[in-house]
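What follows is the content of target.cif, which has mmCIF, all heavy atoms:
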data_entry
loop_
_atom_site.label_atom_id
_atom_site.label_comp_id
_atom_site.auth_asym_id
_atom_site.auth_seq_id
_atom_site.Cartn_x
_atom_site.Cartn_y
_atom_site.Cartn_z
N MET O 1 14.15 -22.29 47.32
CA MET O 1 13.55 -22.08 46.00
C MET O 1 14.31 -22.87 44.94
O MET O 1 15.51 -23.02 45.01
CB MET O 1 13.58 -20.59 45.64
CG MET O 1 12.71 -19.74 46.53
SD MET O 1 10.95 -20.13 46.38
CE MET O 1 10.63 -19.51 44.74
N ALA O 2 13.58 -23.36 43.97
CA ALA O 2 14.19 -24.12 42.88
C ALA O 2 14.96 -23.21 41.94
O ALA O 2 14.67 -22.02 41.82
CB ALA O 2 13.09 -24.83 42.10
N TYR O 3 15.94 -23.82 41.27
CA TYR O 3 16.64 -23.09 40.22
C TYR O 3 15.73 -22.99 39.00
O TYR O 3 14.79 -23.78 38.83
CB TYR O 3 17.93 -23.81 39.86
CG TYR O 3 19.07 -23.48 40.81
CD1 TYR O 3 19.03 -23.84 42.15
CD2 TYR O 3 20.18 -22.77 40.35
CE1 TYR O 3 20.06 -23.52 43.02
CE2 TYR O 3 21.22 -22.45 41.21
CZ TYR O 3 21.16 -22.83 42.55
OH TYR O 3 22.18 -22.51 43.39
N VAL O 4 16.00 -21.99 38.14
CA VAL O 4 15.21 -21.81 36.92
C VAL O 4 16.13 -21.66 35.72
O VAL O 4 17.27 -21.17 35.83
CB VAL O 4 14.27 -20.58 37.01
CG1 VAL O 4 13.21 -20.78 38.08
CG2 VAL O 4 15.07 -19.31 37.27
N ILE O 5 15.63 -22.08 34.56
CA ILE O 5 16.40 -22.01 33.32
C ILE O 5 15.89 -20.83 32.49
O ILE O 5 14.70 -20.69 32.26
CB ILE O 5 16.27 -23.33 32.54
CG1 ILE O 5 16.83 -24.49 33.41
CG2 ILE O 5 17.03 -23.25 31.21
CD1 ILE O 5 16.72 -25.86 32.78
N THR O 6 16.83 -19.99 32.05
CA THR O 6 16.48 -18.76 31.34
C THR O 6 16.56 -18.94 29.82
O THR O 6 16.92 -20.00 29.32
CB THR O 6 17.44 -17.63 31.74
OG1 THR O 6 18.74 -17.91 31.19
CG2 THR O 6 17.55 -17.51 33.25
N ASP O 7 16.26 -17.85 29.12
CA ASP O 7 16.29 -17.85 27.65
C ASP O 7 17.68 -18.10 27.08
O ASP O 7 17.82 -18.30 25.88
CB ASP O 7 15.76 -16.52 27.11
CG ASP O 7 14.25 -16.39 27.31
OD1 ASP O 7 13.61 -17.40 27.63
OD2 ASP O 7 13.73 -15.27 27.12
N ASN O 8 18.71 -18.05 27.91
CA ASN O 8 20.07 -18.34 27.42
C ASN O 8 20.25 -19.83 27.09
O ASN O 8 21.24 -20.21 26.50
CB ASN O 8 21.11 -17.94 28.46
CG ASN O 8 21.27 -16.43 28.55
OD1 ASN O 8 20.86 -15.71 27.66
ND2 ASN O 8 21.86 -15.97 29.64
N CYS O 9 19.28 -20.65 27.50
CA CYS O 9 19.37 -22.09 27.27
C CYS O 9 19.40 -22.40 25.77
O CYS O 9 18.59 -21.89 25.01
CB CYS O 9 18.17 -22.78 27.91
SG CYS O 9 18.07 -24.55 27.57
N VAL O 10 20.36 -23.27 25.37
CA VAL O 10 20.43 -23.73 23.98
C VAL O 10 20.08 -25.22 23.88
O VAL O 10 20.35 -25.85 22.86
CB VAL O 10 21.82 -23.46 23.37
CG1 VAL O 10 22.10 -21.96 23.31
CG2 VAL O 10 22.92 -24.18 24.12
N ALA O 11 19.49 -25.75 24.94
CA ALA O 11 19.02 -27.14 24.95
C ALA O 11 20.14 -28.14 24.67
O ALA O 11 19.96 -29.12 23.94
CB ALA O 11 17.86 -27.33 23.96
N CYS O 12 21.29 -27.91 25.29
CA CYS O 12 22.43 -28.82 25.07
C CYS O 12 22.30 -30.11 25.86
O CYS O 12 22.91 -31.12 25.53
CB CYS O 12 23.74 -28.11 25.42
SG CYS O 12 23.96 -27.75 27.18
N GLY O 13 21.53 -30.07 26.97
CA GLY O 13 21.32 -31.27 27.76
C GLY O 13 22.31 -31.51 28.88
O GLY O 13 22.19 -32.48 29.62
N THR O 14 23.28 -30.62 29.02
CA THR O 14 24.30 -30.80 30.06
C THR O 14 23.68 -30.87 31.45
O THR O 14 24.01 -31.74 32.25
CB THR O 14 25.32 -29.65 30.02
OG1 THR O 14 25.89 -29.59 28.71
CG2 THR O 14 26.42 -29.85 31.06
N CYS O 15 22.76 -29.99 31.75
CA CYS O 15 22.15 -29.93 33.08
C CYS O 15 21.36 -31.19 33.40
O CYS O 15 21.43 -31.72 34.51
CB CYS O 15 21.24 -28.71 33.19
SG CYS O 15 19.94 -28.65 31.93
N GLN O 16 20.64 -31.67 32.40
CA GLN O 16 19.82 -32.86 32.63
C GLN O 16 20.69 -34.05 33.02
O GLN O 16 20.31 -34.86 33.87
CB GLN O 16 19.01 -33.17 31.37
CG GLN O 16 17.93 -34.21 31.60
CD GLN O 16 17.14 -34.50 30.34
OE1 GLN O 16 17.69 -34.52 29.25
NE2 GLN O 16 15.85 -34.68 30.49
N ALA O 17 21.88 -34.13 32.42
CA ALA O 17 22.77 -35.26 32.70
C ALA O 17 23.35 -35.21 34.11
O ALA O 17 23.67 -36.25 34.69
CB ALA O 17 23.89 -35.27 31.67
N VAL O 18 23.48 -34.01 34.69
CA VAL O 18 24.12 -33.91 36.01
C VAL O 18 23.14 -33.75 37.16
O VAL O 18 23.52 -33.89 38.32
CB VAL O 18 25.14 -32.74 36.04
CG1 VAL O 18 26.26 -32.98 35.02
CG2 VAL O 18 24.48 -31.39 35.83
N CYS O 19 21.89 -33.46 36.89
CA CYS O 19 20.91 -33.27 37.97
C CYS O 19 20.71 -34.58 38.74
O CYS O 19 20.33 -35.59 38.15
CB CYS O 19 19.57 -32.79 37.41
SG CYS O 19 18.30 -32.64 38.68
N PRO O 20 20.94 -34.57 40.06
CA PRO O 20 20.84 -35.81 40.85
C PRO O 20 19.41 -36.26 41.11
O PRO O 20 19.19 -37.40 41.53
CB PRO O 20 21.54 -35.44 42.17
CG PRO O 20 21.34 -33.98 42.29
CD PRO O 20 21.40 -33.44 40.87
N THR O 21 18.44 -35.40 40.88
CA THR O 21 17.06 -35.77 41.19
C THR O 21 16.18 -35.94 39.96
O THR O 21 14.99 -36.23 40.10
CB THR O 21 16.41 -34.71 42.12
OG1 THR O 21 16.31 -33.48 41.40
CG2 THR O 21 17.21 -34.51 43.39
N GLY O 22 16.73 -35.74 38.77
CA GLY O 22 15.92 -35.89 37.57
C GLY O 22 14.87 -34.80 37.43
O GLY O 22 13.80 -35.03 36.87
N ALA O 23 15.18 -33.60 37.92
CA ALA O 23 14.20 -32.52 37.94
C ALA O 23 14.09 -31.78 36.61
O ALA O 23 13.18 -30.96 36.43
CB ALA O 23 14.56 -31.52 39.05
N ILE O 24 15.01 -32.05 35.70
CA ILE O 24 15.09 -31.25 34.47
C ILE O 24 14.47 -31.99 33.28
O ILE O 24 14.79 -33.15 33.02
CB ILE O 24 16.55 -30.87 34.18
CG1 ILE O 24 17.12 -30.09 35.37
CG2 ILE O 24 16.64 -30.06 32.88
CD1 ILE O 24 18.58 -29.70 35.23
N SER O 25 13.57 -31.28 32.58
CA SER O 25 12.89 -31.84 31.42
C SER O 25 13.37 -31.18 30.13
O SER O 25 13.70 -29.99 30.11
CB SER O 25 11.38 -31.60 31.54
OG SER O 25 10.87 -32.21 32.70
N GLU O 26 13.38 -31.98 29.05
CA GLU O 26 13.79 -31.46 27.75
C GLU O 26 12.74 -30.53 27.16
O GLU O 26 11.59 -30.54 27.56
CB GLU O 26 13.99 -32.63 26.77
CG GLU O 26 15.16 -33.52 27.11
CD GLU O 26 15.26 -34.70 26.14
OE1 GLU O 26 14.86 -34.54 24.98
OE2 GLU O 26 15.72 -35.77 26.57
N GLY O 27 13.15 -29.72 26.17
CA GLY O 27 12.26 -28.83 25.46
C GLY O 27 13.07 -27.91 24.59
O GLY O 27 14.30 -28.05 24.53
N ASP O 28 12.42 -26.99 23.89
CA ASP O 28 13.15 -25.99 23.12
C ASP O 28 14.08 -25.23 24.07
O ASP O 28 15.20 -24.88 23.73
CB ASP O 28 12.18 -25.02 22.45
CG ASP O 28 11.37 -25.71 21.35
OD1 ASP O 28 11.83 -26.75 20.85
OD2 ASP O 28 10.28 -25.22 21.03
N ILE O 29 13.54 -24.95 25.25
CA ILE O 29 14.33 -24.50 26.40
C ILE O 29 14.03 -25.51 27.50
O ILE O 29 12.86 -25.82 27.73
CB ILE O 29 13.93 -23.08 26.85
CG1 ILE O 29 14.33 -22.07 25.76
CG2 ILE O 29 14.57 -22.73 28.17
CD1 ILE O 29 13.87 -20.66 26.07
N TYR O 30 15.05 -26.03 28.16
CA TYR O 30 14.82 -27.02 29.21
C TYR O 30 14.12 -26.36 30.40
O TYR O 30 14.15 -25.14 30.57
CB TYR O 30 16.15 -27.63 29.64
CG TYR O 30 16.63 -28.73 28.72
CD1 TYR O 30 16.53 -28.61 27.34
CD2 TYR O 30 17.20 -29.89 29.23
CE1 TYR O 30 16.97 -29.62 26.50
CE2 TYR O 30 17.66 -30.91 28.39
CZ TYR O 30 17.53 -30.76 27.02
OH TYR O 30 17.97 -31.76 26.20
N SER O 31 13.48 -27.18 31.23
CA SER O 31 12.78 -26.63 32.39
C SER O 31 13.05 -27.48 33.62
O SER O 31 13.39 -28.66 33.52
CB SER O 31 11.28 -26.56 32.11
OG SER O 31 10.76 -27.85 31.86
N ILE O 32 12.91 -26.86 34.78
CA ILE O 32 13.16 -27.52 36.06
C ILE O 32 11.85 -27.63 36.83
O ILE O 32 11.14 -26.64 37.02
CB ILE O 32 14.19 -26.72 36.89
CG1 ILE O 32 15.53 -26.70 36.15
CG2 ILE O 32 14.33 -27.31 38.29
CD1 ILE O 32 16.59 -25.83 36.82
N ASP O 33 11.53 -28.84 37.28
CA ASP O 33 10.34 -29.05 38.11
C ASP O 33 10.65 -28.55 39.52
O ASP O 33 11.48 -29.13 40.22
CB ASP O 33 9.99 -30.53 38.13
CG ASP O 33 8.82 -30.83 39.06
OD1 ASP O 33 8.26 -29.89 39.66
OD2 ASP O 33 8.47 -32.01 39.19
N PRO O 34 9.99 -27.48 39.95
CA PRO O 34 10.30 -26.90 41.27
C PRO O 34 10.02 -27.83 42.43
O PRO O 34 10.58 -27.66 43.51
CB PRO O 34 9.43 -25.63 41.32
CG PRO O 34 8.34 -25.88 40.34
CD PRO O 34 8.92 -26.74 39.25
N ASP O 35 9.15 -28.79 42.24
CA ASP O 35 8.82 -29.72 43.33
C ASP O 35 9.85 -30.83 43.47
O ASP O 35 9.92 -31.49 44.50
CB ASP O 35 7.44 -30.33 43.10
CG ASP O 35 6.33 -29.31 43.18
OD1 ASP O 35 6.48 -28.35 43.96
OD2 ASP O 35 5.32 -29.46 42.46
N THR O 36 10.65 -31.02 42.42
CA THR O 36 11.66 -32.08 42.44
C THR O 36 13.04 -31.53 42.72
O THR O 36 13.90 -32.21 43.27
CB THR O 36 11.66 -32.83 41.08
OG1 THR O 36 10.33 -33.24 40.79
CG2 THR O 36 12.56 -34.05 41.12
N CYS O 37 13.28 -30.29 42.34
CA CYS O 37 14.57 -29.63 42.55
C CYS O 37 14.87 -29.50 44.04
O CYS O 37 14.00 -29.11 44.82
CB CYS O 37 14.56 -28.24 41.92
SG CYS O 37 16.05 -27.28 42.21
N ILE O 38 16.11 -29.86 44.43
CA ILE O 38 16.52 -29.75 45.83
C ILE O 38 17.51 -28.61 46.05
O ILE O 38 18.18 -28.53 47.08
CB ILE O 38 17.13 -31.07 46.33
CG1 ILE O 38 18.34 -31.48 45.47
CG2 ILE O 38 16.07 -32.18 46.35
CD1 ILE O 38 19.15 -32.65 46.04
N ASP O 39 17.63 -27.73 45.04
CA ASP O 39 18.44 -26.51 45.21
C ASP O 39 19.93 -26.78 45.38
O ASP O 39 20.62 -26.03 46.06
CB ASP O 39 17.96 -25.74 46.44
CG ASP O 39 17.18 -24.50 46.07
OD1 ASP O 39 17.28 -24.08 44.91
OD2 ASP O 39 16.49 -23.96 46.96
N CYS O 40 20.42 -27.85 44.77
CA CYS O 40 21.83 -28.20 44.97
C CYS O 40 22.78 -27.32 44.17
O CYS O 40 23.96 -27.19 44.51
CB CYS O 40 22.06 -29.66 44.63
SG CYS O 40 21.90 -30.07 42.87
N GLY O 41 22.29 -26.76 43.04
CA GLY O 41 23.12 -25.88 42.23
C GLY O 41 24.02 -26.57 41.23
O GLY O 41 24.76 -25.91 40.50
N THR O 42 23.97 -27.88 41.18
CA THR O 42 24.85 -28.62 40.27
C THR O 42 24.62 -28.22 38.82
O THR O 42 25.57 -28.05 38.05
CB THR O 42 24.61 -30.14 40.42
OG1 THR O 42 24.82 -30.49 41.78
CG2 THR O 42 25.56 -30.93 39.52
N CYS O 43 23.37 -28.05 38.44
CA CYS O 43 23.07 -27.69 37.04
C CYS O 43 23.65 -26.34 36.69
O CYS O 43 24.25 -26.16 35.63
CB CYS O 43 21.56 -27.70 36.83
SG CYS O 43 20.62 -26.68 38.00
N ALA O 44 23.49 -25.36 37.59
CA ALA O 44 23.99 -24.02 37.32
C ALA O 44 25.51 -24.02 37.18
O ALA O 44 26.07 -23.32 36.34
CB ALA O 44 23.56 -23.07 38.43
N GLU O 45 26.18 -24.84 38.00
CA GLU O 45 27.64 -24.90 37.96
C GLU O 45 28.13 -25.51 36.65
O GLU O 45 29.23 -25.20 36.19
CB GLU O 45 28.16 -25.74 39.13
CG GLU O 45 27.95 -25.10 40.48
CD GLU O 45 28.23 -26.08 41.63
OE1 GLU O 45 28.71 -27.19 41.36
OE2 GLU O 45 27.95 -25.70 42.77
N ASN O 46 27.33 -26.37 36.06
CA ASN O 46 27.76 -27.10 34.86
C ASN O 46 27.25 -26.52 33.56
O ASN O 46 27.70 -26.92 32.49
CB ASN O 46 27.32 -28.56 34.98
CG ASN O 46 28.19 -29.34 35.95
OD1 ASN O 46 29.25 -29.82 35.60
ND2 ASN O 46 27.76 -29.43 37.20
N CYS O 47 26.31 -25.58 33.61
CA CYS O 47 25.76 -25.02 32.37
C CYS O 47 26.82 -24.22 31.61
O CYS O 47 27.41 -23.27 32.16
CB CYS O 47 24.58 -24.10 32.68
SG CYS O 47 23.90 -23.31 31.19
N PRO O 48 27.08 -24.56 30.34
CA PRO O 48 28.10 -23.85 29.57
C PRO O 48 27.67 -22.46 29.14
O PRO O 48 28.50 -21.66 28.69
CB PRO O 48 28.33 -24.77 28.36
CG PRO O 48 27.04 -25.50 28.20
CD PRO O 48 26.51 -25.69 29.60
N ASN O 49 26.41 -22.14 29.28
CA ASN O 49 25.89 -20.84 28.84
C ASN O 49 25.39 -19.97 29.99
O ASN O 49 24.77 -18.94 29.76
CB ASN O 49 24.76 -21.04 27.83
CG ASN O 49 25.28 -21.62 26.53
OD1 ASN O 49 26.17 -21.06 25.91
ND2 ASN O 49 24.75 -22.76 26.14
N GLU O 50 25.66 -20.39 31.20
CA GLU O 50 25.19 -19.66 32.39
C GLU O 50 23.71 -19.34 32.28
O GLU O 50 23.26 -18.23 32.58
CB GLU O 50 26.03 -18.38 32.58
CG GLU O 50 27.50 -18.69 32.81
CD GLU O 50 28.35 -17.44 33.07
OE1 GLU O 50 27.79 -16.32 33.03
OE2 GLU O 50 29.55 -17.59 33.34
N ALA O 51 22.94 -20.33 31.84
CA ALA O 51 21.50 -20.13 31.62
C ALA O 51 20.66 -20.47 32.84
O ALA O 51 19.45 -20.29 32.80
CB ALA O 51 21.05 -20.97 30.42
N ILE O 52 21.29 -20.99 33.90
CA ILE O 52 20.50 -21.43 35.05
C ILE O 52 20.82 -20.57 36.26
O ILE O 52 21.99 -20.36 36.60
CB ILE O 52 20.78 -22.92 35.36
CG1 ILE O 52 20.56 -23.77 34.10
CG2 ILE O 52 19.89 -23.39 36.52
CD1 ILE O 52 20.84 -25.25 34.28
N ILE O 53 19.77 -20.04 36.88
CA ILE O 53 19.94 -19.12 37.99
C ILE O 53 19.07 -19.56 39.18
O ILE O 53 18.06 -20.24 38.99
CB ILE O 53 19.56 -17.67 37.59
CG1 ILE O 53 18.09 -17.62 37.12
CG2 ILE O 53 20.50 -17.16 36.48
CD1 ILE O 53 17.61 -16.21 36.80
N PRO O 54 19.47 -19.16 40.39
CA PRO O 54 18.64 -19.50 41.54
C PRO O 54 17.28 -18.81 41.42
O PRO O 54 17.20 -17.65 40.99
CB PRO O 54 19.42 -18.94 42.73
CG PRO O 54 20.82 -18.75 42.24
CD PRO O 54 20.69 -18.47 40.77
N GLY O 55 16.22 -19.48 41.79
CA GLY O 55 14.89 -18.87 41.76
C GLY O 55 14.75 -17.84 42.86
O GLY O 55 15.50 -17.82 43.82
N GLU O 56 13.77 -16.96 42.70
CA GLU O 56 13.57 -15.92 43.70
C GLU O 56 12.52 -16.34 44.71
O GLU O 56 11.66 -17.14 44.40
CB GLU O 56 13.13 -14.62 43.01
CG GLU O 56 14.21 -14.06 42.10
CD GLU O 56 13.70 -12.80 41.38
OE1 GLU O 56 12.57 -12.40 41.59
OE2 GLU O 56 14.50 -12.27 40.58
FE1 LIG O 101 18.64 -30.60 39.69
FE2 LIG O 101 20.20 -29.53 41.60
FE3 LIG O 101 19.65 -28.14 39.35
FE4 LIG O 101 17.72 -28.56 41.16
S1 LIG O 101 19.60 -27.31 41.46
S2 LIG O 101 17.49 -28.82 38.93
S3 LIG O 101 18.23 -30.62 41.93
S4 LIG O 101 20.84 -30.07 39.51
#
As structure tokens, what does this structure read like?
Amino acid sequence: MAYVITDNCVACGTCQAVCPTGAISEGDIYSIDPDTCIDCGTCAENCPNEAIIPGE
């Protein structure tokens, strides 16, 4: 399952810069394309606000 970005997101852009597949899109809250995400967890490890969690 793809990772998901929660309401804790402050749109800092950290995750987008580290995602190896370009799965993350900008927005008021950033979002992850589930078809592009490979579940590596890099974004969650780097998020300063712990806004990214594994999908269910
Ligand atoms: Fe990108 Fe990996 Fe995060 Fe998926 S888990 S959005 S592939 S950094």
Exercise: stretch 29-43 of chain O partners within 4 Å, all atoms listed in the file, chain neighbours under 6 positions left out, as a PyMOL selection string: chain O and resi 1-3+5-7+9+11+13+15-16+18+20-21+23+52
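For the set O:Cys19, O:Cys47, O:Val4, O:Cys12, the residue with the smallest atom-to-atom gap to ligand LIG 101 (chain O) is O:Cys19, counting only C-alpha atoms and all ligand atoms.
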Starting from the point (17.0, -25.8, 23.3), work out which residues of protein, DNA or RNA have an atom no more than 4 Å away when counting all heavy atoms; state them as a PyMOL selection string. chain O and resi 10-11+27-28
Can you write out the residues you just picked, keeping all heavy atoms, as a short mmCIF file (atom, residue, chain, number, x, y, z; two decimals), in the coordinates of the input?
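The resulting part.cif:
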data_model
loop_
_atom_site.label_atom_id
_atom_site.label_comp_id
_atom_site.auth_asym_id
_atom_site.auth_seq_id
_atom_site.Cartn_x
_atom_site.Cartn_y
_atom_site.Cartn_z
N VAL O 10 20.36 -23.27 25.37
CA VAL O 10 20.43 -23.73 23.98
C VAL O 10 20.08 -25.22 23.88
O VAL O 10 20.35 -25.85 22.86
CB VAL O 10 21.82 -23.46 23.37
CG1 VAL O 10 22.10 -21.96 23.31
CG2 VAL O 10 22.92 -24.18 24.12
N ALA O 11 19.49 -25.75 24.94
CA ALA O 11 19.02 -27.14 24.95
C ALA O 11 20.14 -28.14 24.67
O ALA O 11 19.96 -29.12 23.94
CB ALA O 11 17.86 -27.33 23.96
N GLY O 27 13.15 -29.72 26.17
CA GLY O 27 12.26 -28.83 25.46
C GLY O 27 13.07 -27.91 24.59
O GLY O 27 14.30 -28.05 24.53
N ASP O 28 12.42 -26.99 23.89
CA ASP O 28 13.15 -25.99 23.12
C ASP O 28 14.08 -25.23 24.07
O ASP O 28 15.20 -24.88 23.73
CB ASP O 28 12.18 -25.02 22.45
CG ASP O 28 11.37 -25.71 21.35
OD1 ASP O 28 11.83 -26.75 20.85
OD2 ASP O 28 10.28 -25.22 21.03
#
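Taking atom CA of O:Gly22 and atom FE1 of ligand LIG 101 (chain O) as endpoints, the distance between them is 6.3 Å.
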Students should find that atom FE4 of ligand LIG 101 (chain O) and atom C of O:Asn46 are spaced 12.4 Å
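Note that atom CB of O:Asn8 and atom CG of O:Pro48 are 9.6 Å apart.
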Among chain O, which ones does DSSP assign to strand (DSSP E or B) (computed from the backbone)? Answer as a PDB file with all heavy atoms, keeping the file's coordinate frame.
ATOM      1  N   TYR O   3      15.940 -23.820  41.270  1.00  0.00           N
ATOM      2  CA  TYR O   3      16.640 -23.090  40.220  1.00  0.00           C
ATOM      3  C   TYR O   3      15.730 -22.990  39.000  1.00  0.00           C
ATOM      4  O   TYR O   3      14.790 -23.780  38.830  1.00  0.00           O
ATOM      5  CB  TYR O   3      17.930 -23.810  39.860  1.00  0.00           C
ATOM      6  CG  TYR O   3      19.070 -23.480  40.810  1.00  0.00           C
ATOM      7  CD1 TYR O   3      19.030 -23.840  42.150  1.00  0.00           C
ATOM      8  CD2 TYR O   3      20.180 -22.770  40.350  1.00  0.00           C
ATOM      9  CE1 TYR O   3      20.060 -23.520  43.020  1.00  0.00           C
ATOM     10  CE2 TYR O   3      21.220 -22.450  41.210  1.00  0.00           C
ATOM     11  CZ  TYR O   3      21.160 -22.830  42.550  1.00  0.00           C
ATOM     12  OH  TYR O   3      22.180 -22.510  43.390  1.00  0.00           O
ATOM     13  N   VAL O   4      16.000 -21.990  38.140  1.00  0.00           N
ATOM     14  CA  VAL O   4      15.210 -21.810  36.920  1.00  0.00           C
ATOM     15  C   VAL O   4      16.130 -21.660  35.720  1.00  0.00           C
ATOM     16  O   VAL O   4      17.270 -21.170  35.830  1.00  0.00           O
ATOM     17  CB  VAL O   4      14.270 -20.580  37.010  1.00  0.00           C
ATOM     18  CG1 VAL O   4      13.210 -20.780  38.080  1.00  0.00           C
ATOM     19  CG2 VAL O   4      15.070 -19.310  37.270  1.00  0.00           C
ATOM     20  N   ILE O   5      15.630 -22.080  34.560  1.00  0.00           N
ATOM     21  CA  ILE O   5      16.400 -22.010  33.320  1.00  0.00           C
ATOM     22  C   ILE O   5      15.890 -20.830  32.490  1.00  0.00           C
ATOM     23  O   ILE O   5      14.700 -20.690  32.260  1.00  0.00           O
ATOM     24  CB  ILE O   5      16.270 -23.330  32.540  1.00  0.00           C
ATOM     25  CG1 ILE O   5      16.830 -24.490  33.410  1.00  0.00           C
ATOM     26  CG2 ILE O   5      17.030 -23.250  31.210  1.00  0.00           C
ATOM     27  CD1 ILE O   5      16.720 -25.860  32.780  1.00  0.00           C
ATOM     28  N   ILE O  24      15.010 -32.050  35.700  1.00  0.00           N
ATOM     29  CA  ILE O  24      15.090 -31.250  34.470  1.00  0.00           C
ATOM     30  C   ILE O  24      14.470 -31.990  33.280  1.00  0.00           C
ATOM     31  O   ILE O  24      14.790 -33.150  33.020  1.00  0.00           O
ATOM     32  CB  ILE O  24      16.550 -30.870  34.180  1.00  0.00           C
ATOM     33  CG1 ILE O  24      17.120 -30.090  35.370  1.00  0.00           C
ATOM     34  CG2 ILE O  24      16.640 -30.060  32.880  1.00  0.00           C
ATOM     35  CD1 ILE O  24      18.580 -29.700  35.230  1.00  0.00           C
ATOM     36  N   SER O  25      13.570 -31.280  32.580  1.00  0.00           N
ATOM     37  CA  SER O  25      12.890 -31.840  31.420  1.00  0.00           C
ATOM     38  C   SER O  25      13.370 -31.180  30.130  1.00  0.00           C
ATOM     39  O   SER O  25      13.700 -29.990  30.110  1.00  0.00           O
ATOM     40  CB  SER O  25      11.380 -31.600  31.540  1.00  0.00           C
ATOM     41  OG  SER O  25      10.870 -32.210  32.700  1.00  0.00           O
ATOM     42  N   SER O  31      13.480 -27.180  31.230  1.00  0.00           N
ATOM     43  CA  SER O  31      12.780 -26.630  32.390  1.00  0.00           C
ATOM     44  C   SER O  31      13.050 -27.480  33.620  1.00  0.00           C
ATOM     45  O   SER O  31      13.390 -28.660  33.520  1.00  0.00           O
ATOM     46  CB  SER O  31      11.280 -26.560  32.110  1.00  0.00           C
ATOM     47  OG  SER O  31      10.760 -27.850  31.860  1.00  0.00           O
ATOM     48  N   ILE O  32      12.910 -26.860  34.780  1.00  0.00           N
ATOM     49  CA  ILE O  32      13.160 -27.520  36.060  1.00  0.00           C
ATOM     50  C   ILE O  32      11.850 -27.630  36.830  1.00  0.00           C
ATOM     51  O   ILE O  32      11.140 -26.640  37.020  1.00  0.00           O
ATOM     52  CB  ILE O  32      14.190 -26.720  36.890  1.00  0.00           C
ATOM     53  CG1 ILE O  32      15.530 -26.700  36.150  1.00  0.00           C
ATOM     54  CG2 ILE O  32      14.330 -27.310  38.290  1.00  0.00           C
ATOM     55  CD1 ILE O  32      16.590 -25.830  36.820  1.00  0.00           C
ATOM     56  N   ILE O  52      21.290 -20.990  33.900  1.00  0.00           N
ATOM     57  CA  ILE O  52      20.500 -21.430  35.050  1.00  0.00           C
ATOM     58  C   ILE O  52      20.820 -20.570  36.260  1.00  0.00           C
ATOM     59  O   ILE O  52      21.990 -20.360  36.600  1.00  0.00           O
ATOM     60  CB  ILE O  52      20.780 -22.920  35.360  1.00  0.00           C
ATOM     61  CG1 ILE O  52      20.560 -23.770  34.100  1.00  0.00           C
ATOM     62  CG2 ILE O  52      19.890 -23.390  36.520  1.00  0.00           C
ATOM     63  CD1 ILE O  52      20.840 -25.250  34.280  1.00  0.00           C
ATOM     64  N   ILE O  53      19.770 -20.040  36.880  1.00  0.00           N
ATOM     65  CA  ILE O  53      19.940 -19.120  37.990  1.00  0.00           C
ATOM     66  C   ILE O  53      19.070 -19.560  39.180  1.00  0.00           C
ATOM     67  O   ILE O  53      18.060 -20.240  38.990  1.00  0.00           O
ATOM     68  CB  ILE O  53      19.560 -17.670  37.590  1.00  0.00           C
ATOM     69  CG1 ILE O  53      18.090 -17.620  37.120  1.00  0.00           C
ATOM     70  CG2 ILE O  53      20.500 -17.160  36.480  1.00  0.00           C
ATOM     71  CD1 ILE O  53      17.610 -16.210  36.800  1.00  0.00           C
ATOM     72  N   PRO O  54      19.470 -19.160  40.390  1.00  0.00           N
ATOM     73  CA  PRO O  54      18.640 -19.500  41.540  1.00  0.00           C
ATOM     74  C   PRO O  54      17.280 -18.810  41.420  1.00  0.00           C
ATOM     75  O   PRO O  54      17.200 -17.650  40.990  1.00  0.00           O
ATOM     76  CB  PRO O  54      19.420 -18.940  42.730  1.00  0.00           C
ATOM     77  CG  PRO O  54      20.820 -18.750  42.240  1.00  0.00           C
ATOM     78  CD  PRO O  54      20.690 -18.470  40.770  1.00  0.00           C
TER      79      PRO O  54
END
